[in-house]
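Student: This is my_file_32.cif (mmCIF, C-alpha atoms and all ligand atoms).
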data_final
#
loop_
_atom_site.label_atom_id
_atom_site.label_comp_id
_atom_site.auth_asym_id
_atom_site.auth_seq_id
_atom_site.Cartn_x
_atom_site.Cartn_y
_atom_site.Cartn_z
CA MET A 30 79.03 -5.94 0.65
CA ASP A 31 81.79 -4.89 -1.72
CA TYR A 32 81.92 -5.84 -5.39
CA CYS A 33 84.78 -7.01 -7.61
CA LYS A 34 86.46 -4.08 -9.35
CA TYR A 35 86.45 -5.98 -12.64
CA HIS A 36 83.01 -7.64 -12.28
CA PRO A 37 80.68 -5.00 -10.85
CA LEU A 38 77.91 -7.56 -10.31
CA THR A 39 80.03 -10.11 -8.46
CA ALA A 40 80.65 -9.82 -4.75
CA SER A 41 84.30 -9.50 -3.90
CA THR A 42 86.10 -12.19 -1.94
CA TYR A 43 89.56 -10.63 -1.72
CA HIS A 44 91.09 -7.25 -1.05
CA CYS A 45 94.44 -5.78 -2.06
CA ASP A 46 95.62 -3.33 0.59
CA GLU A 47 98.37 -2.07 -1.73
CA CYS A 48 96.09 -1.15 -4.69
CA GLU A 49 93.05 -0.52 -2.45
CA ILE A 50 90.81 -2.66 -4.68
CA SER A 51 88.55 -5.68 -4.10
CA GLN A 52 88.51 -8.73 -6.36
CA CYS A 53 86.34 -11.81 -6.91
CA ASP A 54 87.59 -15.40 -7.06
CA HIS A 55 88.05 -15.10 -10.81
CA CYS A 56 90.34 -12.09 -10.70
CA ILE A 57 93.04 -13.36 -8.34
CA ASP A 58 96.33 -15.16 -8.81
CA ASP A 59 95.98 -18.44 -6.88
CA ASP A 60 98.74 -20.22 -8.78
CA VAL A 61 99.73 -23.45 -7.02
CA GLU A 62 103.39 -22.41 -7.26
CA HIS A 63 102.95 -20.02 -4.35
CA ASN A 64 100.95 -20.79 -1.24
CA ASP A 65 99.23 -17.45 -0.91
CA VAL A 66 96.71 -15.67 -3.12
CA ARG A 67 98.18 -12.71 -5.01
CA CYS A 68 97.12 -9.55 -6.81
CA PHE A 69 97.48 -9.59 -10.62
CA VAL A 70 98.22 -5.87 -10.67
CA CYS A 71 100.89 -5.41 -7.98
CA GLY A 72 101.76 -9.04 -7.14
CA GLY A 73 101.16 -8.44 -3.42
CA THR A 74 99.45 -10.91 -1.07
CA LEU A 75 95.68 -10.47 -0.88
CA SER A 76 93.60 -10.62 2.28
CA SER A 77 90.54 -12.86 2.11
CA LEU A 78 87.16 -11.32 2.91
CA GLY A 79 84.83 -13.38 5.11
CA SER A 80 87.19 -16.16 6.11
CA GLY A 81 85.96 -19.59 7.17
CA ALA A 82 86.13 -19.10 10.93
CA ASP A 83 84.15 -15.88 10.84
CA VAL A 84 80.45 -16.41 11.56
CA ALA A 85 79.51 -12.75 11.76
CA PRO A 86 79.05 -12.09 8.01
CA PHE A 87 76.15 -14.56 8.02
CA TRP A 88 74.36 -12.52 10.68
CA ARG A 89 75.21 -9.30 8.92
CA ARG A 90 73.57 -10.73 5.84
CA LEU A 91 70.25 -11.47 7.61
CA ASP A 92 68.85 -8.00 7.15
CA SER A 93 69.38 -7.98 3.40
CA ALA A 94 68.32 -11.64 3.16
CA PHE A 95 64.78 -10.57 4.07
CA HIS A 96 64.87 -8.02 1.26
CA TYR A 97 66.00 -10.66 -1.22
CA PRO A 98 62.47 -11.74 -2.36
CA MET A 99 61.22 -8.12 -2.15
CA ASN A 100 60.93 -7.45 -5.86
CA LYS A 101 57.95 -7.43 -8.18
CA GLN A 102 58.68 -10.74 -9.89
CA ALA A 103 59.47 -12.81 -6.81
CA LEU A 104 56.56 -11.35 -4.82
CA MET A 105 54.11 -12.02 -7.67
CA LEU A 106 55.39 -15.58 -7.87
CA ILE A 107 54.91 -16.04 -4.12
CA ILE A 108 51.39 -14.57 -4.09
CA ILE A 109 50.12 -16.44 -7.17
CA ALA A 110 51.63 -19.69 -5.89
CA SER A 111 50.01 -19.17 -2.48
CA VAL A 112 46.55 -18.55 -3.96
CA LEU A 113 46.89 -21.58 -6.23
CA THR A 114 48.11 -23.88 -3.44
CA SER A 115 45.26 -22.80 -1.17
CA LEU A 116 42.82 -23.26 -4.05
CA GLY A 117 44.25 -26.72 -4.68
CA ALA A 118 43.82 -27.68 -1.04
CA PHE A 119 40.28 -26.22 -1.04
CA LEU A 120 39.21 -28.06 -4.23
CA GLY A 121 40.75 -31.38 -3.23
CA GLY A 122 40.53 -34.41 -5.52
CA LEU A 123 42.77 -34.99 -8.51
CA THR A 124 42.45 -31.42 -9.87
CA GLY A 125 43.45 -30.00 -6.50
CA LEU A 126 46.39 -32.38 -6.27
CA VAL A 127 47.67 -31.47 -9.74
CA ILE A 128 47.38 -27.72 -9.01
CA THR A 129 49.21 -28.10 -5.69
CA LEU A 130 51.89 -30.30 -7.20
CA LEU A 131 52.64 -27.95 -10.13
CA THR A 132 52.70 -24.86 -7.91
CA THR A 133 54.97 -26.53 -5.39
CA ALA A 134 57.21 -27.65 -8.26
CA ALA A 135 57.58 -24.08 -9.58
CA LEU A 136 58.31 -22.64 -6.13
CA THR A 137 60.80 -25.41 -5.32
CA LYS A 138 62.58 -24.88 -8.62
CA TYR A 139 62.74 -21.15 -7.93
CA SER A 140 64.15 -21.74 -4.43
CA PHE A 141 66.89 -23.98 -5.80
CA LEU A 142 67.68 -21.33 -8.43
CA CYS A 143 68.01 -18.75 -5.65
CA LEU A 144 70.44 -21.03 -3.83
CA GLN A 145 72.53 -21.63 -6.94
CA SER A 146 72.67 -18.03 -8.10
CA THR A 147 73.54 -16.76 -4.62
CA ALA A 148 76.28 -19.39 -4.38
CA ASP A 149 77.65 -17.94 -7.64
CA GLY A 150 77.79 -14.51 -6.06
CA GLU A 151 74.65 -12.97 -7.61
CA ILE A 152 73.06 -10.38 -5.35
CA ALA A 153 69.65 -10.06 -7.05
CA SER A 154 67.08 -12.86 -7.08
CA PRO A 155 66.85 -14.76 -10.40
CA ASP A 156 64.23 -14.24 -13.10
CA ALA A 157 60.87 -15.70 -12.05
CA SER A 158 60.17 -17.05 -15.54
CA GLU A 159 62.88 -19.66 -14.97
CA ALA A 160 60.73 -21.26 -12.27
CA PHE A 161 58.37 -22.85 -14.77
CA SER A 162 60.58 -25.53 -16.26
CA GLY A 163 62.29 -28.46 -14.62
CA GLY A 164 60.43 -28.09 -11.31
CA VAL A 165 58.68 -31.47 -11.49
CA LYS A 166 62.05 -33.21 -11.86
CA ILE A 167 63.30 -31.51 -8.69
CA ILE A 168 60.16 -32.58 -6.80
CA LEU A 169 60.63 -36.18 -7.98
CA HIS A 170 64.29 -36.10 -6.96
CA THR A 171 63.34 -34.64 -3.57
CA ILE A 172 60.87 -37.49 -3.04
CA ILE A 173 63.52 -40.05 -4.05
CA ILE A 174 66.01 -38.42 -1.65
CA LEU A 175 63.53 -38.47 1.26
CA PHE A 176 62.63 -42.11 0.50
CA GLY A 177 66.34 -42.97 0.34
CA ILE A 178 66.98 -41.39 3.75
CA THR A 179 63.97 -43.24 5.26
CA ALA A 180 65.21 -46.52 3.78
CA MET A 181 68.69 -45.97 5.25
CA ILE A 182 67.24 -45.27 8.72
CA MET A 183 65.03 -48.37 8.52
CA ALA A 184 67.95 -50.54 7.40
CA MET A 185 69.98 -49.17 10.33
CA GLY A 186 67.16 -50.22 12.68
CA ARG A 187 67.04 -53.74 11.23
CA VAL A 188 70.78 -54.30 11.57
CA PHE A 189 71.79 -52.38 14.72
CA GLY A 190 68.53 -51.90 16.64
CA ASP A 191 66.32 -48.95 17.61
CA MET A 192 68.80 -46.75 19.43
CA PRO A 193 71.37 -46.36 16.58
CA ALA A 194 68.45 -45.90 14.15
CA ALA A 195 67.05 -43.05 16.26
CA LEU A 196 70.48 -41.39 16.41
CA PHE A 197 70.84 -41.83 12.65
CA ALA A 198 67.41 -40.22 12.18
CA ILE A 199 68.50 -37.23 14.29
CA PHE A 200 71.67 -36.97 12.18
CA TRP A 201 69.60 -36.73 8.99
CA LEU A 202 67.16 -34.27 10.54
CA ILE A 203 70.03 -31.95 11.48
CA CYS A 204 71.63 -32.47 8.08
CA LEU A 205 68.47 -31.94 6.02
CA PRO A 206 69.37 -28.40 4.86
CA ALA A 207 72.84 -29.70 3.93
CA VAL A 208 71.15 -32.46 1.90
CA PHE A 209 69.36 -29.82 -0.19
CA ILE A 210 72.49 -27.69 -0.45
CA ASN A 211 74.43 -30.65 -1.83
CA TYR A 212 71.62 -31.49 -4.22
CA ALA A 213 71.69 -27.91 -5.55
CA ARG A 214 75.48 -27.80 -5.73
CA PHE A 215 75.94 -31.02 -7.69
CA GLU A 216 72.45 -31.26 -9.25
CA ALA A 217 72.55 -34.99 -8.48
CA ILE A 218 70.92 -37.35 -5.99
CA GLY A 219 74.17 -39.17 -5.07
CA PRO A 220 76.00 -36.43 -3.11
CA ALA A 221 72.72 -35.45 -1.42
CA LEU A 222 72.24 -38.99 -0.04
CA ASN A 223 75.86 -39.73 0.82
CA PRO A 224 76.15 -39.33 4.64
CA ILE A 225 79.91 -38.69 4.38
CA GLU A 226 79.52 -35.91 1.78
CA VAL A 227 76.65 -34.33 3.73
CA GLY A 228 78.48 -34.63 7.07
CA ARG A 229 81.59 -33.07 5.57
CA LEU A 230 79.56 -30.11 4.29
CA VAL A 231 78.05 -29.56 7.76
CA VAL A 232 81.49 -29.69 9.41
CA THR A 233 82.96 -27.28 6.83
CA LEU A 234 80.15 -24.78 7.29
CA GLY A 235 80.57 -25.13 11.05
CA GLY A 236 78.99 -22.54 13.35
CA ALA A 237 77.23 -20.77 10.50
CA TYR A 238 75.32 -23.96 9.79
CA LEU A 239 74.03 -24.14 13.40
CA LEU A 240 72.83 -20.55 13.08
CA LEU A 241 71.03 -21.47 9.89
CA LEU A 242 69.27 -24.34 11.69
CA LEU A 243 68.22 -22.01 14.50
CA PHE A 244 66.94 -19.53 11.97
CA ILE A 245 64.88 -22.19 10.16
CA MET A 246 63.33 -23.32 13.46
CA ILE A 247 62.29 -19.75 14.30
CA MET A 248 60.67 -19.45 10.88
CA ILE A 249 58.76 -22.71 11.20
CA ALA A 250 57.54 -21.63 14.63
CA SER A 251 56.32 -18.29 13.30
CA VAL A 252 54.28 -19.94 10.53
CA GLY A 253 52.62 -22.12 13.19
CA THR A 254 51.79 -18.98 15.17
CA ILE A 255 49.79 -17.50 12.29
CA ASN A 256 47.69 -20.66 12.28
CA GLN A 257 46.86 -20.22 15.97
CA ILE A 258 46.08 -16.50 15.77
CA LEU A 259 43.63 -16.68 12.88
CA ASP A 260 40.16 -18.03 13.50
CA GLU A 261 38.97 -21.20 11.78
CA ARG A 262 36.19 -19.25 10.07
CA PHE A 263 38.79 -17.49 7.93
CA TYR A 264 40.17 -20.83 6.82
CA PHE A 265 40.83 -19.90 3.16
CA PHE A 266 42.34 -16.51 3.98
CA SER A 267 44.48 -18.05 6.71
CA ALA A 268 45.71 -20.74 4.31
CA ILE A 269 46.78 -18.12 1.74
CA LEU A 270 48.56 -16.03 4.36
CA GLN A 271 50.38 -19.07 5.72
CA SER A 272 51.47 -20.03 2.21
CA VAL A 273 52.71 -16.52 1.47
CA VAL A 274 54.79 -16.50 4.65
CA SER A 275 56.07 -20.06 4.15
CA TYR A 276 57.09 -19.47 0.54
CA TYR A 277 58.68 -16.16 1.46
CA TYR A 278 60.70 -17.86 4.20
CA LEU A 279 61.55 -20.72 1.86
CA ILE A 280 63.18 -18.33 -0.60
CA VAL A 281 65.00 -16.47 2.20
CA VAL A 282 66.31 -19.76 3.62
CA PHE A 283 67.51 -21.03 0.22
CA HIS A 284 69.14 -17.67 -0.42
CA LEU A 285 70.93 -17.94 2.93
CA MET A 286 72.00 -21.52 2.18
CA GLY A 287 73.44 -20.26 -1.11
CA TYR A 288 75.16 -17.47 0.77
CA LEU A 289 76.82 -19.98 3.12
CA ILE A 290 78.19 -21.82 0.10
CA PHE A 291 79.34 -18.55 -1.44
CA GLN A 292 81.10 -17.55 1.77
CA LYS A 293 82.86 -20.89 2.21
CA GLN A 294 83.50 -21.68 -1.41
CA ARG A 295 87.25 -21.57 -1.03
CA ALA A 296 87.10 -23.99 1.88
CA LEU A 297 84.67 -26.21 -0.03
CA GLY A 298 86.54 -25.88 -3.31
CA PHE A 299 89.78 -26.83 -1.62
CA VAL A 300 88.36 -30.28 -0.79
CA SER A 301 87.53 -31.06 -4.39
CA ARG A 302 90.82 -29.61 -5.63
CA MET A 303 92.74 -31.99 -3.38
CA GLU A 304 90.79 -34.94 -4.77
CA SER A 305 91.20 -34.03 -8.41
CA SER A 306 94.15 -35.24 -10.46
CA ALA A 307 97.18 -33.25 -11.59
CA ASP A 308 95.84 -32.34 -15.03
CA SER A 309 93.45 -29.82 -13.54
CA GLU A 310 96.54 -27.85 -12.47
CA VAL A 311 97.60 -27.53 -16.10
CA ARG A 312 94.14 -26.24 -16.94
CA ASN A 313 94.34 -23.88 -14.00
CA GLU A 314 97.54 -22.36 -15.34
CA ARG A 315 95.85 -21.60 -18.68
CA ILE A 316 92.70 -20.22 -17.00
CA LEU A 317 94.89 -18.13 -14.72
CA LEU A 318 96.61 -16.70 -17.79
CA THR A 319 93.32 -15.50 -19.27
CA ALA A 320 92.21 -14.08 -15.91
CA ARG A 321 95.50 -12.20 -15.56
CA ILE A 322 95.14 -10.77 -19.08
CA GLU A 323 91.53 -9.69 -18.44
CA VAL A 324 92.47 -7.88 -15.22
CA LEU A 325 95.51 -6.13 -16.72
CA ALA A 326 93.53 -5.11 -19.82
CA LYS A 327 90.75 -3.65 -17.64
CA GLU A 328 93.45 -1.81 -15.67
CA GLY A 329 94.66 -0.35 -18.99
CA ASP A 330 98.16 -1.75 -18.41
CA PHE A 331 98.66 -2.72 -22.08
CA LYS A 332 102.44 -3.04 -21.79
CA GLN A 333 102.02 -5.73 -19.18
CA VAL A 334 99.25 -7.45 -21.20
CA LEU A 335 101.62 -7.63 -24.16
CA LYS A 336 104.28 -9.21 -21.98
CA VAL A 337 101.88 -11.79 -20.52
CA PHE A 338 100.56 -12.67 -23.99
CA ASN A 339 104.09 -13.16 -25.32
CA GLU A 340 104.99 -15.41 -22.38
CA GLY A 341 101.70 -17.24 -22.85
CA ILE A 342 102.18 -18.14 -26.50
CA LYS A 343 105.70 -19.33 -25.72
CA LYS A 344 104.21 -21.70 -23.13
CA HIS A 345 101.25 -22.71 -25.31
CA PRO A 346 102.57 -22.59 -28.88
CA ASN A 347 99.60 -24.55 -30.28
CA ASP A 348 96.82 -22.71 -28.48
CA TYR A 349 94.66 -21.31 -31.26
CA GLY A 350 92.31 -19.58 -28.78
CA LEU A 351 95.16 -17.75 -27.07
CA TYR A 352 96.67 -16.63 -30.41
CA THR A 353 93.29 -15.34 -31.56
CA GLN A 354 92.87 -13.41 -28.29
CA PHE A 355 96.35 -11.98 -28.72
CA PHE A 356 95.53 -10.88 -32.29
CA ASP A 357 92.28 -9.28 -31.11
CA PHE A 358 94.22 -7.41 -28.45
CA LEU A 359 96.87 -6.09 -30.87
CA TRP A 360 94.15 -5.18 -33.33
CA GLY A 361 92.06 -3.48 -30.64
CA THR A 362 95.02 -1.40 -29.47
CA LYS A 363 96.03 -0.66 -33.12
CA ASP A 364 99.53 -1.92 -32.34
CA VAL A 365 100.83 -2.34 -35.91
CA GLU A 366 104.44 -2.84 -34.81
CA GLY A 367 103.33 -5.53 -32.38
CA LEU A 368 101.45 -7.20 -35.22
CA ASP A 369 104.67 -7.35 -37.25
CA ASP A 370 106.31 -9.38 -34.47
CA PHE A 371 103.21 -11.47 -33.84
CA LEU A 372 102.24 -12.47 -37.37
CA PRO A 373 105.03 -15.02 -38.14
CA GLY A 374 103.99 -17.26 -35.22
CA TYR A 375 100.30 -16.76 -35.88
CA LEU A 376 100.53 -17.58 -39.57
CA SER A 377 102.60 -20.70 -39.00
CA LEU A 378 100.07 -21.87 -36.37
CA LEU A 379 97.22 -21.28 -38.84
CA LYS A 380 99.17 -23.26 -41.44
CA ASP A 381 99.86 -26.14 -39.01
CA GLN A 382 96.18 -26.34 -38.14
CA GLY A 383 94.98 -26.22 -41.75
CA ARG A 384 93.50 -22.74 -41.42
CA GLN A 385 95.65 -20.98 -44.09
CA THR A 386 92.72 -19.20 -45.73
CA GLN A 387 92.15 -17.37 -42.43
CA GLY A 388 95.31 -15.44 -43.27
CA ALA A 389 93.28 -13.44 -45.79
CA THR A 390 90.75 -12.45 -43.12
CA VAL A 391 93.57 -11.53 -40.75
CA TYR A 392 95.11 -9.27 -43.40
CA GLN A 393 91.77 -7.64 -44.26
CA ARG A 394 91.20 -6.86 -40.59
CA ILE A 395 94.64 -5.28 -40.27
CA LEU A 396 93.88 -3.09 -43.30
CA LEU A 397 90.90 -1.71 -41.38
CA ILE A 398 93.23 -0.13 -38.80
CA ASP A 399 96.05 0.69 -41.26
CA LYS A 400 94.94 0.78 -44.89
CA ASP A 401 98.51 0.81 -46.25
CA TYR A 402 99.78 -2.03 -44.07
CA VAL A 403 102.30 -4.38 -45.66
CA PRO A 404 104.43 -6.55 -43.34
CA LYS A 405 108.16 -5.78 -43.18
CA GLN A 406 109.35 -9.39 -43.55
CA PRO A 407 109.18 -10.57 -47.20
CA ASP A 408 108.23 -14.10 -46.15
CA LEU A 409 105.13 -12.78 -44.35
CA ARG A 410 104.12 -10.86 -47.47
CA TYR A 411 104.42 -14.01 -49.57
CA GLN A 412 102.53 -16.15 -47.03
CA LEU A 413 99.69 -13.65 -46.68
CA ALA A 414 99.53 -13.27 -50.45
CA SER A 415 99.16 -17.05 -50.84
CA SER A 416 96.27 -17.05 -48.35
CA CYS A 417 94.63 -14.16 -50.17
CA PHE A 418 95.07 -15.97 -53.49
CA ASP A 419 93.40 -19.11 -52.06
CA ALA A 420 90.59 -16.97 -50.70
CA GLY A 421 90.11 -15.30 -54.13
CA LYS A 422 91.22 -11.84 -52.92
CA MET A 423 93.36 -11.03 -55.99
CA LYS A 424 93.62 -7.29 -55.33
CA LEU A 425 95.22 -8.02 -51.98
CA VAL A 426 97.73 -10.34 -53.64
CA LEU A 427 98.87 -7.40 -55.81
CA LYS A 428 99.00 -5.10 -52.80
CA LEU A 429 101.27 -7.51 -50.94
CA ILE A 430 103.66 -8.55 -53.72
CA ASN A 431 103.93 -5.26 -55.61
CA GLY A 432 107.39 -3.75 -55.05
CA LEU A 433 108.71 -6.82 -53.19
CA HIS A 434 111.81 -7.04 -55.45
CA ARG A 435 112.71 -3.44 -54.56
CA ASP A 436 111.96 -3.71 -50.81
CA SER A 437 113.67 -7.08 -50.35
CA ALA A 438 116.03 -7.70 -53.24
CA ASP A 439 117.74 -10.61 -51.44
CA TYR A 440 114.57 -12.59 -50.76
CA GLU A 441 115.08 -16.07 -52.20
CA GLN A 442 111.38 -16.67 -52.98
CA LEU A 443 111.04 -13.59 -55.22
CA ILE A 444 110.32 -15.64 -58.36
CA PRO A 445 107.52 -17.82 -56.92
CA ALA A 446 106.08 -14.69 -55.28
CA TYR A 447 105.88 -12.88 -58.61
CA GLN A 448 104.52 -16.01 -60.26
CA LEU A 449 101.71 -15.88 -57.72
CA MET A 450 101.12 -12.24 -58.61
CA ALA A 451 101.02 -13.09 -62.35
CA ASN A 452 98.48 -15.84 -61.67
CA ALA A 453 96.40 -13.39 -59.65
CA LEU A 454 96.48 -10.89 -62.55
CA ASP A 455 95.32 -13.68 -64.89
CA GLU A 456 92.25 -14.13 -62.70
CA MET A 457 91.35 -10.44 -62.87
CA PRO A 458 89.54 -8.80 -65.80
CA ASN A 459 91.49 -6.43 -68.16
CA LYS A 460 94.86 -7.07 -66.52
CA GLY A 461 96.41 -8.94 -69.45
CA SER A 462 99.12 -6.33 -70.12
CA GLN A 463 100.03 -6.09 -66.44
CA ALA A 464 100.30 -9.87 -66.23
CA GLU A 465 102.65 -9.78 -69.21
CA LYS A 466 104.78 -7.05 -67.51
CA CYS A 467 104.92 -9.18 -64.38
CA ARG A 468 106.13 -12.22 -66.36
CA GLN A 469 108.76 -9.99 -67.97
CA LEU A 470 109.99 -9.08 -64.52
CA ILE A 471 110.15 -12.77 -63.60
CA ARG A 472 112.31 -13.44 -66.67
CA GLN A 473 114.63 -10.58 -65.64
CA LEU A 474 114.89 -11.97 -62.13
CA GLU A 475 115.71 -15.41 -63.53
CA ALA A 476 118.41 -13.94 -65.77
CA HIS A 477 120.01 -11.76 -63.07
CA PRO A 478 119.18 -13.40 -59.74
CA SER A 479 121.04 -10.77 -57.66
CA CYS A 480 119.92 -7.54 -59.30
ZN ZN B 1 86.23 -10.31 -10.80
ZN ZN B 2 97.40 -5.10 -5.75
#
Represent the structure of the file as C-alpha cells.
Tutor:
Amino acid sequence: MDYCKYHPLTASTYHCDECEISQCDHCIDDDVEHNDVRCFVCGGTLSSLGSGADVAPFWRRLDSAFHYPMNKQALMLIIIASVLTSLGAFLGGLTGLVITLLTTAALTKYSFLCLQSTADGEIASPDASEAFSGGVKIILHTIIILFGITAMIMAMGRVFGDMPAALFAIFWLICLPAVFINYARFEAIGPALNPIEVGRLVVTLGGAYLLLLLFIMIMIASVGTINQILDERFYFFSAILQSVVSYYYLIVVFHLMGYLIFQKQRALGFVSRMESSADSEVRNERILLTARIEVLAKEGDFKQVLKVFNEGIKKHPNDYGLYTQFFDFLWGTKDVEGLDDFLPGYLSLLKDQGRQTQGATVYQRILLIDKDYVPKQPDLRYQLASSCFDAGKMKLVLKLINGLHRDSADYEQLIPAYQLMANALDEMPNKGSQAEKCRQLIRQLEAHPSC
C-alpha cells in the first residue's frame, strides 16, 4: 500500500498522475464547486485508489491482515487473555465469571479499537494499554444490541408469523458483522440496531462484505477443528490454544472490517454528506483552505501559500485562527515585507475582538526575526506603540515612536503619538529630561503643524 506524501503514516486514497504523488483524503481538493477531486499542487484531476466496485484490494490485504496482530504488545495481550479466560472457565463460580468477563471486555475493546484505527487509515495495531478502559461498557452495549435484535425477531414472529421471523433472523445473522461495524463507526447503539442503516452498509460494501462473511466462516470452522484434533485429556491446554486462535482471528476480522470501511469511506461518507444541511459546505470550504495551505507549505511553494492566505482572509475577514496561522507563516518564512502588508488587517482584527494587548506580543515576535523592525506606515507604528504601552513595554513604545515626525511629517496623529511617548518616558526611571525634551517637541509640533 502507498502512503500520503504529506502524511507518511496515512494510507493514500488518491494519486496525481501529473505530479506522480499519492495523497490521503485530507490532502485533496474535493470542493463542491467542481464534480471531480483535484490536486492542490497542479489542479489536475486525481484518480481514486481502490474504488468502490473493486473487490480485489480486500483480497490483496489478507496476507498483511494476518500480520496485523503479530507484534509484541498484541500477542502478549492475546496470550494473557487466553490463559485468563481458560483459567476462568476452569475455576468456574463467581470468581471464574468475573475473570472471564473482564478478559473478554479487554479483548473486545481492543478489537473495536483495531477496527476504528484501521478505518482511520492506521497501518499498525493500536497500543495494547488502551484495551483496559471502557471494555465493560462495550460488552454491556453488545448484550443490549443482541437482546434488541432478538426482541425484534420475536416481535416479527408475533405479528407476521414464523416464516417472516425466520427470514428476519437470517437477515440479522448475515448482517451481524455490519452491526458491529456500525457500532464502532458511530459508537452508539442506535445505528447498530437500525435495520435500514445496517442494510445500507451491507449494500454499500457489496461483494467485499460477502467475502468477509466467507472469511469469518472459514475461521470459525478452523477453531472447531482444533477442538476435534486435541484429546479431551489435554482439556486445559486445548482451551488455551482455542482461545489464542479465536482472539487472534477476532483481531484480524475486526482489522479487516475496519479496512472495508477505510476502503469505502468515500462511498459511505457521501451518504452522510447528502443528508447533512448546507452549513457543512461552508465549513468544508474553510477546512479545504487549511488543507490546501498545509499541502502547499509542505511542497515549499511559499508564493502560492501567500496567495491562498491573502484570498482566505479576504473571504474570512473575522477569522482569528486563520489570521494567526497567516502571521505564523510570515514569521516562519521571515517575510518582513509581507508582514508590512499583513499587519494593518491583523491589528484591526485584534482591536475588533478586544485583543489589543496582543499587538505587543506580535511586535516582540517580529523583533526576534528583525531586531530593527519598525513598520513603514505611521498609523501601524502608533497602534503597535499603544498596545505596547498597555502591556507595559515602555522601551518598545520609544522604539516605535522615536523619529516618527521625521519619517512621516504629514501624519495627522503625530501629537497624540508623541504624547504617548512622553507618558511612556514618565513611567521609566531616570528619563525625566528625555520626557521634558519630548514635551518640547510636542509644543513645537503644535506651534508649527506642518514643519
Ligand atoms: Zn495527507
Ligand atoms: Zn498534481
Student: Counting only C-alpha atoms and all ligand atoms, what residues are within 10 Å of ligand ZN 2 (chain B), given as a list in words?
Tutor: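 Final answer, ordered by chain and number: His44, Cys45, Asp46, Glu47, Cys48, Glu49, Ile50, Ser51, Gln52, Ile57, Arg67, Cys68, Phe69, Val70, Cys71, Gly72, Gly73, Thr74 and Leu75 of chain A.
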Student: Restricting the calculation to only C-alpha atoms and all ligand atoms: of A:Cys33, A:Leu222, A:Ile167, A:Leu372, which residue gets closest to ligand ZN 1 (chain B)?
Tutor: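 Among the listed residues, A:Cys33 lies closest to ligand ZN 1 (chain B).
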Student: What is the atom CA of A:Leu78 to atom CA of A:Ser41 distance in Å?
Tutor: 7.6 Å
Student: Considering all atoms listed in the file, tabulate each residue of chain A that lies at most 10 Å from ligand ZN 1 (chain B) along with its nearest interatomic pair and the corresponding distance in Å to one decimal; arrange the rows by chain and ascending residue number and present them as CSV.
Tutor:
residue,atom,partner,partner_atom,distance
A:Tyr32,CA,B:ZN1,ZN,8.2
A:Cys33,CA,B:ZN1,ZN,4.8
A:Lys34,CA,B:ZN1,ZN,6.4
A:Tyr35,CA,B:ZN1,ZN,4.7
A:His36,CA,B:ZN1,ZN,4.4
A:Pro37,CA,B:ZN1,ZN,7.7
A:Leu38,CA,B:ZN1,ZN,8.8
A:Thr39,CA,B:ZN1,ZN,6.6
A:Ala40,CA,B:ZN1,ZN,8.2
A:Ser41,CA,B:ZN1,ZN,7.2
A:Thr42,CA,B:ZN1,ZN,9.1
A:Tyr43,CA,B:ZN1,ZN,9.7
A:Ser51,CA,B:ZN1,ZN,8.5
A:Gln52,CA,B:ZN1,ZN,5.2
A:Cys53,CA,B:ZN1,ZN,4.2
A:Asp54,CA,B:ZN1,ZN,6.5
A:His55,CA,B:ZN1,ZN,5.1
A:Cys56,CA,B:ZN1,ZN,4.5
A:Ile57,CA,B:ZN1,ZN,7.9
A:Ala320,CA,B:ZN1,ZN,8.7
A:Glu323,CA,B:ZN1,ZN,9.3
A:Val324,CA,B:ZN1,ZN,8.0
Student: One number please: atom CA of A:Ser146 to atom CA of A:Leu285, in Å, one decimal.
Tutor: 11.2 Å
Student: Name the residues in contact with A:Tyr440 at a cut-off of 9 Å, using only C-alpha atoms, excluding same-chain residues fewer than 3 positions from it; report them as a PyMOL selection string.
Tutor: chain A and resi 407-408+433-434+437+443
Student: Compile the contact shell of A:Asn223 as a list of chain:residue names: residues with an atom at most 9 Å away, counting all atoms listed in the file, same-chain residues fewer than 5 positions apart removed.
Tutor: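 The filter keeps A:Val208, A:Ile218, A:Gly228.
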Student: Which one of A:Val403, A:Leu196, A:Ala134, A:Leu144 sits closest to A:Asn431 if you count all atoms listed in the file?
Tutor: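 Under the stated criterion, the closest residue is A:Val403.
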Student: Report, in Å with one decimal, the straight-line distance from atom CA of A:Ser415 to atom CA of A:Tyr375.
Tutor: 15.0 Å
Student: Restricting the calculation to all atoms listed in the file, which member of A:Ala446, A:Met423, A:Thr319, A:Asp156 is positioned closest to A:Lys460?
Tutor: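 Of A:Ala446, A:Met423, A:Thr319, A:Asp156, the one nearest A:Lys460 is A:Met423, counting all atoms listed in the file.
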Student: My list of candidates is A:Met248, A:Ile322, A:His63, A:Ile128. Which is closest to A:Tyr276 when distances are computed with all atoms listed in the file?
Tutor: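 Among the listed residues, A:Met248 lies closest to A:Tyr276.
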Student: Which residue, A:Leu205, A:Ile173, A:Ala237, A:Val391, has the smallest gap to A:Arg89 when you use only C-alpha atoms?
Tutor: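 So, comparing all the options, the nearest one is A:Ala237.
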